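This report concerns only the one structure given below.
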There are 2 protein chains.
Amino acid sequence: MDPDLSPLDEYLDEGGLDGYLVDADSSESTQRYLSGFDAPDPFVTLYTPETTALLVSALEYGRANRQSRADDVSRLADYDYRSLAGEHGPRAAKARVVAAWLDDRGVDSVATPERFPLGPADRLRERGVSVAPETEDVVTEVRARKTDEEIEHVRAAQRANEAAMDAAADLLREAEVVEAGGAKGGAGNERDGAGESDAGDRALAVDGDVLTSERVREEIEVTLLRHGCALDETIVACGSDAADPHDRGSGPLRPDEPIIVDIFPRSKETKYHADMTRTFVKGEPTDTIREWFDLTHEALVAAVDAIEPGVTGAAVHDIVCDVYEDAGLPTLRSDPKSETGFIHSTGHGVGLDVHELPRLSPDGDELQPGHVVTVEPGLYDPEVGGVRIEDLVVVTEDGSENLTNQPIELQI
Amino acid sequence: MDPDLSPLDEYLDEGGLDGYLVDADSSESTQRYLSGFDAPDPFVTLYTPETTALLVSALEYGRANRQSRADDVSRLADYDYRSLAGEHGPRAAKARVVAAWLDDRGVDSVATPERFPLGPADRLRERGVSVAPETEDVVTEVRARKTDEEIEHVRAAQRANEAAMDAAADLLREAEVVEAGGAKGGAGNERDGAGESDAGDRALAVDGDVLTSERVREEIEVTLLRHGCALDETIVACGSDAADPHDRGSGPLRPDEPIIVDIFPRSKETKYHADMTRTFVKGEPTDTIREWFDLTHEALVAAVDAIEPGVTGAAVHDIVCDVYEDAGLPTLRSDPKSETGFIHSTGHGVGLDVHELPRLSPDGDELQPGHVVTVEPGLYDPEVGGVRIEDLVVVTEDGSENLTNQPIELQI
């Protein structure tokens, strides 16, 4: 992978800054992106237009030399860290080592990520290093424009995602509607809120066991694992749980109620994500849920059709709001405090982070080729439940390509 | 869970600070600990001796009210975020909202975690809020002293960990030694470095397939998943891979070479971790590996025996260094730049983070009841491979309890 970091070079040049400094473990995606190194504990990366340098513990030294993108790897021990720590304590010692390491590289002013750690920044400033968090998203905007190789990483994660969604759908298809009393595990006991009444005390069961969110989630996660993906949260939310876009869901799944399945796996090898949501009803959806599903599908298609270079994320978001508001449903655009209707943004970039630039939201800037974004309209109401449909799309030179190969069907 | 936060109250009182401010998603453990809220995107928590307040997006508002520990939950929209963002941009708008929200609570000076994000901190300072990262580990030291409930969470994760280690050991026990040519997948191709020659081109195989690190890792991770644990990295490292303490390992596993299996699962429900390492040889270990294993076992027992309230982590670390140095082997204590021998610290706290306080290292302070620590001596040399044995121990009122119920056996 060879990203075009020239915007960062220009940013540093215009600001008269010597380099870009990151202090984080590799779960911080900009750290992983710039260092090309995967380590569980924080380490320091200095990017300059000329070179990439790493400062690591003795423990990581050999691996950093073999595996990282850096052409210049140093150890804390190279700067007498141990005795400095004895004299000044670990934090002050670390700051002295970093300052000396920067000085050896002719660096006395750095830009950093927005979320660079405050303690180390304050101590570097005390030692005369100019530390300025970059406020223009330069690096995250570079990360947002994916190389062909990165797009292939996302595509591969999405194939695993579809295998997992199929596994979830198969389980729901298999399920029978039973009287809750008739199935082990008893339905409803962990649940409350509206929507329940529709299903009375009937439940879904597979092989005589009540089918729960937890059971479907396990099936999804084992499938992802078998396909080389790691597990962030997975959402399998039914009825009133589904009315909260971030509720992971728990307890028995009910017939005739919407079940939102939102899966966002990360490839364990490449660390790139995919993201997809489907909404299912086992049994008979209410008229409201049918209407919401059709509207949401319409909003999805309209938004995806609009995606091309030069269109703003804000404009794509407005298209979704228009569809819902024209149908008389509330959105955060029509009411910023609404707790029902369309209460989140239309989408977000996906890459090393599952939420990254660009935004398909009121703040959304112009879309560019190589942007990979979710499009995920949805409607929510604790009295009704929730509906969300989410596809994953890459912006191409002349439009977009939908990376999602998954049917969109409500009843199952 | 009801942690004793009085040390934080005293810290704030002595510093004349109004509260403790966190801006992070709940993967940041102090955020999760203080807020009691699990959310994938950053939110703001204000702790004061009187109350805990949360500032969240509209998306999280309902769930934050239901699930968090806070008795005071606000939305960005309550502070007119949207129009401020239109006028000043999202970051400046967020800073204005946080400053106004703090002002409403009579707060104009806060302590923060060491790694509080720099950008938001600078903007709050520009708005007259005093922001001081706390340098005394007050909160992480509170987190290090586990309540009985937290210790039960770690114990439960360790039971899952043992099931996973058993699954890995069973797979190794099952394996046969075959000529690599005779098994699908062909051994060695992805591997290099010393140790290999010992095994020539013989490989381990199960059901005719070459047994790889990846295959054992998948078995471990599926087992953890079935036991309700999420998957961080898992190490299954053979031969020269095992000589690097952080190498996850890859490719075929070899007979007669040490295989290090290091598993550190996190409970998906409680988010608490466990941590355990075993080293196995399938076939005949070399005399050196036998000697290293016995020394490492001796060091483990000596260190665990020494653990009790009042003993420092540094003293426990010295006990391990003594065992190795008395046997004529290098440590980072005898040579800070050594790349062979005992090249990491003896252990670390385990809780919401897999690496947290206290340290069993040259910096290690006094151990206290409720501390949960790993004890993980090990020896490494690219020419030989690696050996590590790790147990998980809780400091009690009068000594320690080993939370690990796993046999320690080299040959399998």
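Convention: chains lettered A, B, ... in structure tokens order; per-chain residue numbering from 1; ligands numbered from 1 as shown.
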
Residues of chain A within 9 Å of chain B, using only C-alpha atoms, as a short mmCIF file (atom, residue, chain, number, x, y, z; two decimals) with all heavy atoms, in the first residue's frame?
```cif
data_model
loop_
_atom_site.label_atom_id
_atom_site.label_comp_id
_atom_site.auth_asym_id
_atom_site.auth_seq_id
_atom_site.Cartn_x
_atom_site.Cartn_y
_atom_site.Cartn_z
N ALA A 39 1.19 -3.00 17.28
CA ALA A 39 1.69 -3.25 18.64
C ALA A 39 0.62 -2.88 19.66
O ALA A 39 -0.09 -1.90 19.49
CB ALA A 39 2.97 -2.45 18.90
N PRO A 40 0.51 -3.68 20.73
CA PRO A 40 -0.56 -3.49 21.70
C PRO A 40 -0.35 -2.34 22.68
O PRO A 40 -1.30 -1.86 23.28
CB PRO A 40 -0.60 -4.83 22.45
CG PRO A 40 0.80 -5.34 22.35
CD PRO A 40 1.33 -4.87 21.03
N ASP A 41 0.89 -1.89 22.84
CA ASP A 41 1.18 -0.81 23.79
C ASP A 41 1.63 0.43 23.02
O ASP A 41 2.15 0.34 21.92
CB ASP A 41 2.27 -1.25 24.77
CG ASP A 41 1.82 -2.45 25.60
OD1 ASP A 41 0.67 -2.44 26.08
OD2 ASP A 41 2.61 -3.40 25.74
N ALA A 58 12.23 -1.96 24.24
CA ALA A 58 13.15 -3.04 23.87
C ALA A 58 12.35 -4.25 23.36
O ALA A 58 12.74 -4.93 22.41
CB ALA A 58 13.99 -3.43 25.08
N LEU A 59 11.18 -4.44 23.98
CA LEU A 59 10.35 -5.59 23.66
C LEU A 59 9.91 -5.60 22.19
O LEU A 59 9.76 -6.65 21.59
CB LEU A 59 9.11 -5.54 24.57
CG LEU A 59 8.09 -6.66 24.49
CD1 LEU A 59 8.73 -7.99 24.81
CD2 LEU A 59 6.96 -6.37 25.48
N GLU A 60 9.71 -4.42 21.63
CA GLU A 60 9.18 -4.32 20.26
C GLU A 60 10.28 -4.08 19.22
O GLU A 60 9.99 -4.03 18.02
CB GLU A 60 8.17 -3.16 20.18
CG GLU A 60 6.99 -3.28 21.11
CD GLU A 60 6.01 -4.36 20.66
OE1 GLU A 60 6.37 -5.18 19.78
OE2 GLU A 60 4.89 -4.37 21.19
N TYR A 61 11.51 -3.92 19.68
CA TYR A 61 12.57 -3.43 18.79
C TYR A 61 12.79 -4.35 17.59
O TYR A 61 12.76 -3.91 16.44
CB TYR A 61 13.87 -3.27 19.58
CG TYR A 61 15.01 -2.68 18.79
CD1 TYR A 61 14.95 -1.38 18.31
CD2 TYR A 61 16.15 -3.43 18.53
CE1 TYR A 61 16.00 -0.83 17.58
CE2 TYR A 61 17.21 -2.89 17.80
CZ TYR A 61 17.12 -1.59 17.33
OH TYR A 61 18.16 -1.06 16.62
N GLY A 62 12.94 -5.64 17.85
CA GLY A 62 13.22 -6.56 16.75
C GLY A 62 12.08 -6.60 15.74
O GLY A 62 12.28 -6.49 14.53
N ARG A 63 10.85 -6.71 16.27
CA ARG A 63 9.69 -6.81 15.40
C ARG A 63 9.47 -5.51 14.62
O ARG A 63 9.10 -5.52 13.45
CB ARG A 63 8.45 -7.16 16.22
CG ARG A 63 7.44 -8.00 15.50
CD ARG A 63 6.44 -8.61 16.47
NE ARG A 63 5.88 -7.60 17.35
CZ ARG A 63 4.82 -6.84 17.02
NH1 ARG A 63 4.25 -7.00 15.86
NH2 ARG A 63 4.37 -5.93 17.86
N ARG A 75 15.20 2.54 20.28
CA ARG A 75 14.71 2.02 21.55
C ARG A 75 14.78 3.09 22.61
O ARG A 75 15.72 3.90 22.60
CB ARG A 75 15.60 0.87 22.04
CG ARG A 75 15.31 -0.46 21.47
CD ARG A 75 16.46 -1.38 21.81
NE ARG A 75 17.69 -0.90 21.17
CZ ARG A 75 18.75 -1.68 20.95
NH1 ARG A 75 18.74 -2.93 21.35
NH2 ARG A 75 19.81 -1.18 20.35
N ALA A 77 15.85 2.53 25.39
CA ALA A 77 17.15 2.26 26.04
C ALA A 77 18.29 3.00 25.32
O ALA A 77 19.33 3.29 25.94
CB ALA A 77 17.43 0.76 26.06
N ASP A 78 18.11 3.30 24.03
CA ASP A 78 19.16 4.05 23.31
C ASP A 78 19.32 5.45 23.89
O ASP A 78 20.31 6.13 23.60
CB ASP A 78 18.80 4.17 21.81
CG ASP A 78 18.73 2.81 21.13
OD1 ASP A 78 19.43 1.88 21.60
OD2 ASP A 78 17.95 2.67 20.16
N ASP A 80 18.94 6.06 27.28
CA ASP A 80 19.20 5.95 28.70
C ASP A 80 17.92 6.08 29.53
O ASP A 80 17.92 6.63 30.64
CB ASP A 80 20.20 7.06 29.11
CG ASP A 80 20.94 6.70 30.40
OD1 ASP A 80 20.97 5.49 30.72
OD2 ASP A 80 21.43 7.62 31.07
N ARG A 82 16.12 4.02 31.30
CA ARG A 82 16.03 3.39 32.61
C ARG A 82 16.56 4.28 33.73
O ARG A 82 15.92 4.50 34.75
CB ARG A 82 16.78 2.03 32.57
CG ARG A 82 16.78 1.23 33.85
CD ARG A 82 15.41 0.98 34.42
NE ARG A 82 14.48 0.36 33.51
CZ ARG A 82 13.15 0.52 33.58
NH1 ARG A 82 12.63 1.32 34.50
NH2 ARG A 82 12.35 -0.09 32.73
N ALA A 85 14.41 7.30 34.24
CA ALA A 85 13.18 6.96 34.96
C ALA A 85 13.47 6.87 36.46
O ALA A 85 12.66 7.30 37.29
CB ALA A 85 12.61 5.65 34.44
N GLY A 86 14.63 6.34 36.80
CA GLY A 86 15.00 6.26 38.20
C GLY A 86 15.10 7.65 38.81
O GLY A 86 14.70 7.88 39.95
N GLY A 89 11.26 9.66 37.27
CA GLY A 89 9.97 8.98 37.11
C GLY A 89 9.72 8.66 35.64
O GLY A 89 10.26 9.33 34.76
N PRO A 90 8.88 7.64 35.39
CA PRO A 90 8.70 7.15 34.02
C PRO A 90 8.18 8.20 33.04
O PRO A 90 8.69 8.32 31.93
CB PRO A 90 7.67 6.02 34.18
CG PRO A 90 7.56 5.74 35.63
CD PRO A 90 8.14 6.88 36.40
N ARG A 91 7.22 9.04 33.46
CA ARG A 91 6.61 9.97 32.50
C ARG A 91 7.59 11.06 32.08
O ARG A 91 7.76 11.34 30.89
CB ARG A 91 5.35 10.59 33.09
CG ARG A 91 4.21 9.61 33.22
CD ARG A 91 2.90 10.33 33.41
NE ARG A 91 1.80 9.38 33.46
CZ ARG A 91 1.11 9.08 34.56
NH1 ARG A 91 1.41 9.65 35.70
NH2 ARG A 91 0.12 8.20 34.51
N THR A 112 0.23 17.04 15.39
CA THR A 112 -0.18 15.75 15.95
C THR A 112 -1.64 15.48 15.58
O THR A 112 -2.34 16.40 15.15
CB THR A 112 -0.10 15.75 17.50
OG1 THR A 112 -1.15 16.60 18.00
CG2 THR A 112 1.25 16.24 17.99
N PRO A 113 -2.09 14.24 15.79
CA PRO A 113 -3.53 14.00 15.65
C PRO A 113 -4.32 14.81 16.67
O PRO A 113 -3.78 15.17 17.73
CB PRO A 113 -3.67 12.50 15.95
CG PRO A 113 -2.31 11.92 15.73
CD PRO A 113 -1.35 13.01 16.10
N GLU A 114 -5.57 15.09 16.34
CA GLU A 114 -6.51 15.78 17.23
C GLU A 114 -6.51 15.16 18.63
O GLU A 114 -6.59 15.86 19.63
CB GLU A 114 -7.90 15.68 16.59
CG GLU A 114 -9.08 15.95 17.48
CD GLU A 114 -9.29 17.42 17.75
OE1 GLU A 114 -8.49 18.26 17.29
OE2 GLU A 114 -10.26 17.73 18.47
N ARG A 115 -6.38 13.84 18.71
CA ARG A 115 -6.53 13.17 20.00
C ARG A 115 -5.18 12.66 20.55
O ARG A 115 -5.13 11.73 21.35
CB ARG A 115 -7.59 12.05 19.92
CG ARG A 115 -8.96 12.61 19.51
CD ARG A 115 -10.07 11.58 19.47
NE ARG A 115 -10.50 11.14 20.80
CZ ARG A 115 -11.38 11.80 21.56
NH1 ARG A 115 -11.91 12.93 21.14
NH2 ARG A 115 -11.72 11.33 22.74
N PHE A 116 -4.10 13.33 20.15
CA PHE A 116 -2.78 13.07 20.76
C PHE A 116 -2.91 13.22 22.28
O PHE A 116 -3.62 14.09 22.77
CB PHE A 116 -1.78 14.08 20.21
CG PHE A 116 -0.34 13.81 20.59
CD1 PHE A 116 0.47 13.05 19.77
CD2 PHE A 116 0.19 14.35 21.75
CE1 PHE A 116 1.82 12.81 20.11
CE2 PHE A 116 1.52 14.12 22.11
CZ PHE A 116 2.33 13.35 21.28
N PRO A 117 -2.22 12.37 23.07
CA PRO A 117 -2.40 12.43 24.53
C PRO A 117 -1.88 13.72 25.16
O PRO A 117 -0.77 14.15 24.87
CB PRO A 117 -1.63 11.21 25.03
CG PRO A 117 -0.70 10.84 23.93
CD PRO A 117 -1.35 11.26 22.65
N LEU A 118 -2.71 14.31 26.04
CA LEU A 118 -2.43 15.62 26.62
C LEU A 118 -1.18 15.63 27.51
O LEU A 118 -0.35 16.53 27.42
CB LEU A 118 -3.65 16.08 27.45
CG LEU A 118 -3.54 17.41 28.19
CD1 LEU A 118 -3.27 18.55 27.21
CD2 LEU A 118 -4.82 17.67 29.00
N GLY A 119 -1.02 14.60 28.36
CA GLY A 119 0.12 14.59 29.28
C GLY A 119 1.45 14.66 28.55
O GLY A 119 2.26 15.56 28.79
N PRO A 120 1.70 13.72 27.63
CA PRO A 120 2.95 13.79 26.85
C PRO A 120 3.09 15.11 26.08
O PRO A 120 4.20 15.65 26.00
CB PRO A 120 2.82 12.60 25.89
CG PRO A 120 1.96 11.62 26.63
CD PRO A 120 0.97 12.46 27.40
N ALA A 121 1.98 15.64 25.55
CA ALA A 121 2.07 16.91 24.81
C ALA A 121 2.51 18.05 25.73
O ALA A 121 3.42 18.82 25.39
CB ALA A 121 0.71 17.24 24.19
N ASP A 122 1.89 18.15 26.90
CA ASP A 122 2.28 19.21 27.85
C ASP A 122 3.76 19.11 28.21
O ASP A 122 4.48 20.11 28.26
CB ASP A 122 1.43 19.13 29.12
CG ASP A 122 0.04 19.76 28.95
OD1 ASP A 122 -0.20 20.41 27.91
OD2 ASP A 122 -0.80 19.59 29.86
N ALA A 132 1.34 21.01 17.96
CA ALA A 132 0.09 21.60 17.48
C ALA A 132 -0.82 20.52 16.89
O ALA A 132 -0.52 19.97 15.83
CB ALA A 132 0.39 22.65 16.42
N PRO A 133 -1.93 20.20 17.58
CA PRO A 133 -2.85 19.23 16.99
C PRO A 133 -3.39 19.77 15.67
O PRO A 133 -3.76 20.95 15.60
CB PRO A 133 -3.97 19.11 18.03
CG PRO A 133 -3.85 20.31 18.90
CD PRO A 133 -2.42 20.75 18.85
N GLU A 134 -3.38 18.94 14.63
CA GLU A 134 -3.82 19.46 13.33
C GLU A 134 -5.34 19.43 13.29
O GLU A 134 -5.98 18.46 13.67
CB GLU A 134 -3.20 18.67 12.18
CG GLU A 134 -3.59 17.22 12.14
CD GLU A 134 -4.48 16.91 10.94
OE1 GLU A 134 -5.09 17.85 10.39
OE2 GLU A 134 -4.57 15.73 10.60
N THR A 135 -5.91 20.56 12.88
CA THR A 135 -7.36 20.75 12.99
C THR A 135 -8.04 20.63 11.63
O THR A 135 -9.22 20.89 11.50
CB THR A 135 -7.66 22.16 13.55
OG1 THR A 135 -7.00 23.11 12.69
CG2 THR A 135 -7.13 22.29 14.96
N GLU A 218 -23.92 -15.11 18.44
CA GLU A 218 -22.84 -16.10 18.49
C GLU A 218 -22.64 -16.74 17.12
O GLU A 218 -21.50 -16.93 16.67
CB GLU A 218 -23.16 -17.17 19.54
CG GLU A 218 -22.06 -18.22 19.66
CD GLU A 218 -22.35 -19.24 20.76
OE1 GLU A 218 -22.77 -18.84 21.86
OE2 GLU A 218 -22.15 -20.45 20.51
N GLU A 221 -20.81 -14.31 14.95
CA GLU A 221 -19.42 -14.05 15.33
C GLU A 221 -18.53 -15.25 15.04
O GLU A 221 -17.39 -15.10 14.59
CB GLU A 221 -19.37 -13.61 16.79
CG GLU A 221 -20.09 -12.27 16.96
CD GLU A 221 -20.12 -11.74 18.38
OE1 GLU A 221 -19.89 -12.50 19.33
OE2 GLU A 221 -20.40 -10.52 18.52
N VAL A 222 -19.06 -16.46 15.24
CA VAL A 222 -18.27 -17.65 14.89
C VAL A 222 -18.06 -17.69 13.37
O VAL A 222 -16.95 -17.99 12.90
CB VAL A 222 -18.97 -18.93 15.38
CG1 VAL A 222 -18.28 -20.17 14.80
CG2 VAL A 222 -18.95 -18.99 16.90
N LEU A 225 -15.36 -15.26 12.49
CA LEU A 225 -14.07 -15.79 12.91
C LEU A 225 -13.56 -16.83 11.90
O LEU A 225 -12.39 -16.81 11.51
CB LEU A 225 -14.25 -16.44 14.28
CG LEU A 225 -13.03 -16.62 15.13
CD1 LEU A 225 -12.30 -15.31 15.31
CD2 LEU A 225 -13.49 -17.14 16.49
N ARG A 226 -14.45 -17.70 11.45
CA ARG A 226 -14.05 -18.72 10.48
C ARG A 226 -13.63 -18.07 9.17
O ARG A 226 -12.93 -18.67 8.36
CB ARG A 226 -15.21 -19.69 10.21
CG ARG A 226 -15.70 -20.45 11.43
CD ARG A 226 -14.75 -21.54 11.88
NE ARG A 226 -15.34 -22.37 12.94
CZ ARG A 226 -14.64 -23.22 13.70
NH1 ARG A 226 -13.33 -23.32 13.55
NH2 ARG A 226 -15.24 -23.94 14.62
N GLY A 228 -11.84 -15.22 9.13
CA GLY A 228 -10.67 -14.38 9.38
C GLY A 228 -10.96 -12.98 9.86
O GLY A 228 -10.11 -12.09 9.76
N ALA A 230 -12.22 -10.34 13.02
CA ALA A 230 -12.36 -10.16 14.47
C ALA A 230 -13.71 -9.54 14.76
O ALA A 230 -14.39 -9.06 13.87
CB ALA A 230 -11.25 -9.27 15.00
N LEU A 231 -14.04 -9.52 16.04
CA LEU A 231 -15.39 -9.19 16.42
C LEU A 231 -15.44 -7.91 17.20
O LEU A 231 -14.96 -7.85 18.33
CB LEU A 231 -15.93 -10.34 17.25
CG LEU A 231 -15.82 -11.62 16.44
CD1 LEU A 231 -15.15 -12.69 17.23
CD2 LEU A 231 -17.17 -12.02 15.96
N ASP A 232 -15.98 -6.88 16.60
CA ASP A 232 -16.39 -5.75 17.40
C ASP A 232 -17.81 -6.10 17.85
O ASP A 232 -18.24 -7.21 17.74
CB ASP A 232 -16.34 -4.47 16.57
CG ASP A 232 -14.90 -4.21 16.10
OD1 ASP A 232 -13.97 -4.65 16.80
OD2 ASP A 232 -14.72 -3.63 15.03
N GLU A 233 -18.52 -5.12 18.35
CA GLU A 233 -19.91 -5.36 18.73
C GLU A 233 -20.71 -5.82 17.51
O GLU A 233 -20.40 -5.47 16.38
CB GLU A 233 -20.52 -4.06 19.25
CG GLU A 233 -19.82 -3.53 20.49
CD GLU A 233 -20.22 -4.29 21.73
OE1 GLU A 233 -21.29 -4.01 22.29
OE2 GLU A 233 -19.46 -5.21 22.13
N ASP A 244 -33.58 1.64 19.48
CA ASP A 244 -32.38 2.38 19.87
C ASP A 244 -31.24 1.96 18.95
O ASP A 244 -30.77 0.82 19.02
CB ASP A 244 -32.03 2.09 21.33
CG ASP A 244 -30.85 2.92 21.80
OD1 ASP A 244 -29.97 3.24 20.95
OD2 ASP A 244 -30.79 3.25 22.98
N PRO A 245 -30.78 2.86 18.09
CA PRO A 245 -29.81 2.47 17.05
C PRO A 245 -28.54 1.81 17.59
O PRO A 245 -27.89 1.06 16.87
CB PRO A 245 -29.48 3.79 16.36
CG PRO A 245 -30.67 4.66 16.59
CD PRO A 245 -31.18 4.27 17.95
N HIS A 246 -28.18 2.09 18.84
CA HIS A 246 -26.94 1.51 19.37
C HIS A 246 -27.19 0.36 20.35
O HIS A 246 -26.25 -0.18 20.93
CB HIS A 246 -26.08 2.59 20.04
CG HIS A 246 -25.18 3.29 19.06
ND1 HIS A 246 -24.15 4.12 19.45
CD2 HIS A 246 -25.14 3.28 17.72
CE1 HIS A 246 -23.54 4.61 18.40
NE2 HIS A 246 -24.12 4.11 17.33
N ASP A 247 -28.46 -0.03 20.56
CA ASP A 247 -28.74 -1.14 21.47
C ASP A 247 -28.31 -2.45 20.81
O ASP A 247 -28.73 -2.73 19.69
CB ASP A 247 -30.23 -1.17 21.82
CG ASP A 247 -30.52 -2.07 23.01
OD1 ASP A 247 -29.96 -3.19 23.06
OD2 ASP A 247 -31.28 -1.64 23.90
N LYS A 268 -8.83 -9.58 10.59
CA LYS A 268 -7.74 -9.71 11.56
C LYS A 268 -6.39 -9.50 10.89
O LYS A 268 -5.46 -9.04 11.53
CB LYS A 268 -7.82 -11.07 12.24
CG LYS A 268 -9.04 -11.19 13.11
CD LYS A 268 -9.31 -12.61 13.52
CE LYS A 268 -8.24 -13.11 14.44
NZ LYS A 268 -8.59 -14.46 14.95
N LEU A 332 -33.74 14.44 12.53
CA LEU A 332 -33.00 15.42 13.34
C LEU A 332 -32.88 16.74 12.59
O LEU A 332 -32.61 17.78 13.18
CB LEU A 332 -31.61 14.88 13.71
CG LEU A 332 -31.57 13.74 14.74
CD1 LEU A 332 -30.13 13.35 15.04
CD2 LEU A 332 -32.29 14.13 16.03
N PRO A 336 -34.04 18.77 15.92
CA PRO A 336 -32.75 18.30 16.46
C PRO A 336 -32.87 17.49 17.75
O PRO A 336 -31.95 16.77 18.11
CB PRO A 336 -31.96 19.59 16.70
CG PRO A 336 -32.58 20.59 15.78
CD PRO A 336 -34.03 20.23 15.72
N LYS A 337 -34.01 17.62 18.44
CA LYS A 337 -34.16 16.87 19.70
C LYS A 337 -35.10 15.67 19.55
O LYS A 337 -35.44 15.03 20.55
CB LYS A 337 -34.69 17.80 20.80
CG LYS A 337 -33.67 18.86 21.22
CD LYS A 337 -34.13 19.58 22.47
CE LYS A 337 -33.13 20.65 22.89
NZ LYS A 337 -33.52 21.30 24.17
N SER A 338 -35.52 15.39 18.32
CA SER A 338 -36.45 14.27 18.14
C SER A 338 -35.83 12.97 18.64
O SER A 338 -34.65 12.69 18.41
CB SER A 338 -36.82 14.12 16.66
OG SER A 338 -37.73 13.03 16.52
N GLU A 339 -36.61 12.16 19.33
CA GLU A 339 -36.14 10.84 19.77
C GLU A 339 -36.79 9.74 18.96
O GLU A 339 -36.59 8.55 19.22
CB GLU A 339 -36.41 10.66 21.27
CG GLU A 339 -35.52 11.56 22.12
CD GLU A 339 -35.79 11.41 23.62
OE1 GLU A 339 -36.02 10.28 24.08
OE2 GLU A 339 -35.81 12.45 24.32
N ILE A 343 -33.00 9.41 13.37
CA ILE A 343 -32.30 10.12 14.46
C ILE A 343 -30.79 9.89 14.42
O ILE A 343 -30.11 9.95 15.46
CB ILE A 343 -32.86 9.72 15.84
CG1 ILE A 343 -32.87 8.19 15.99
CG2 ILE A 343 -34.28 10.28 16.00
CD1 ILE A 343 -33.32 7.72 17.37
N HIS A 344 -30.25 9.58 13.25
CA HIS A 344 -28.79 9.56 13.13
C HIS A 344 -28.43 10.05 11.74
O HIS A 344 -29.32 10.41 10.96
CB HIS A 344 -28.23 8.16 13.42
CG HIS A 344 -28.84 7.05 12.61
ND1 HIS A 344 -28.67 6.95 11.26
CD2 HIS A 344 -29.65 6.03 12.98
CE1 HIS A 344 -29.32 5.87 10.82
NE2 HIS A 344 -29.94 5.30 11.85
N HIS A 355 -15.79 3.80 11.95
CA HIS A 355 -16.36 5.15 11.74
C HIS A 355 -15.21 6.08 11.40
O HIS A 355 -14.39 6.40 12.26
CB HIS A 355 -17.05 5.67 13.01
CG HIS A 355 -18.33 4.96 13.33
ND1 HIS A 355 -18.87 4.98 14.60
CD2 HIS A 355 -19.17 4.24 12.57
CE1 HIS A 355 -19.99 4.28 14.60
NE2 HIS A 355 -20.19 3.81 13.38
N PRO A 362 -25.03 16.36 8.12
CA PRO A 362 -25.08 17.81 7.84
C PRO A 362 -23.70 18.43 7.70
O PRO A 362 -23.54 19.45 7.03
CB PRO A 362 -25.82 18.37 9.07
CG PRO A 362 -26.67 17.24 9.54
CD PRO A 362 -25.86 16.00 9.29
N ASP A 363 -22.66 17.80 8.29
CA ASP A 363 -21.29 18.33 8.17
C ASP A 363 -20.55 17.77 6.95
O ASP A 363 -19.36 18.04 6.80
CB ASP A 363 -20.47 17.94 9.41
CG ASP A 363 -21.12 18.41 10.70
OD1 ASP A 363 -21.70 19.52 10.67
OD2 ASP A 363 -21.05 17.68 11.70
#
```

Could you write out, as a ChimeraX atom specification, all the residues of segment 95-277 of chain A that DSSP marks as helix (DSSP H, G or I)? /A:95-104,118-126,138-144,148-174,180-182,196-199,213-226,239-243

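Distance-wise, atom CA of Thr374 of chain B and atom CA of Thr286 of chain B end up 27.4 Å apart.
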
Once DSSP has gone over the backbone, tell me which residues of segment 171-352 of chain B are in strand (DSSP E or B), as JSON, numbers by chain. {"B": [176, 177, 178, 179, 184, 202, 203, 204, 205, 206, 209, 210, 212, 229, 230, 234, 235, 236, 237, 238, 252, 258, 259, 260, 261, 262, 263, 266, 267, 273, 276, 277, 278, 279, 280, 281, 312, 331, 341, 342, 347, 348, 349]}

Applying 9 Å and only C-alpha atoms, which residues near Arg123 of chain B remain after dropping the ones on its own chain fewer than 5 positions away? List them as a ChimeraX atom specification. /B:91-92,95-96,118,128-129

If you count only C-alpha atoms, which residues fall within 10 Å of Pro7 of chain A, apart from same-chain ones fewer than 2 positions away, as a ChimeraX atom specification? /A:4-5,9-13,138-139,141-142

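Near Ser26 of chain A, within a cut-off of 12 Å and counting only C-alpha atoms, sit the residues Val22, Asp23, Ala24, Glu28, Ser29, Thr30, Gln31, Arg32, Tyr33, Leu34, Ser35, Gly36, Phe37, Asp38, Ala39, Pro40, Asp41, Pro42, Phe43, Val44, Thr45, Ser68, Lys271, Leu352 and Asp353 of chain A, with same-chain residues fewer than 2 positions away left out.
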
All residues 12 Å or closer to Met276 of chain A, only C-alpha atoms, same chain fewer than 5 positions away omitted, as an MDAnalysis selection string: chainID A and resid 154:155 157:166 234:235 260:265 347:348 350 354 373:377 388:393 402:408

Quick one, how far is atom CA of Asp398 of chain B from atom CA of Asp365 of chain B?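 These atoms are spaced 17.5 Å apart.
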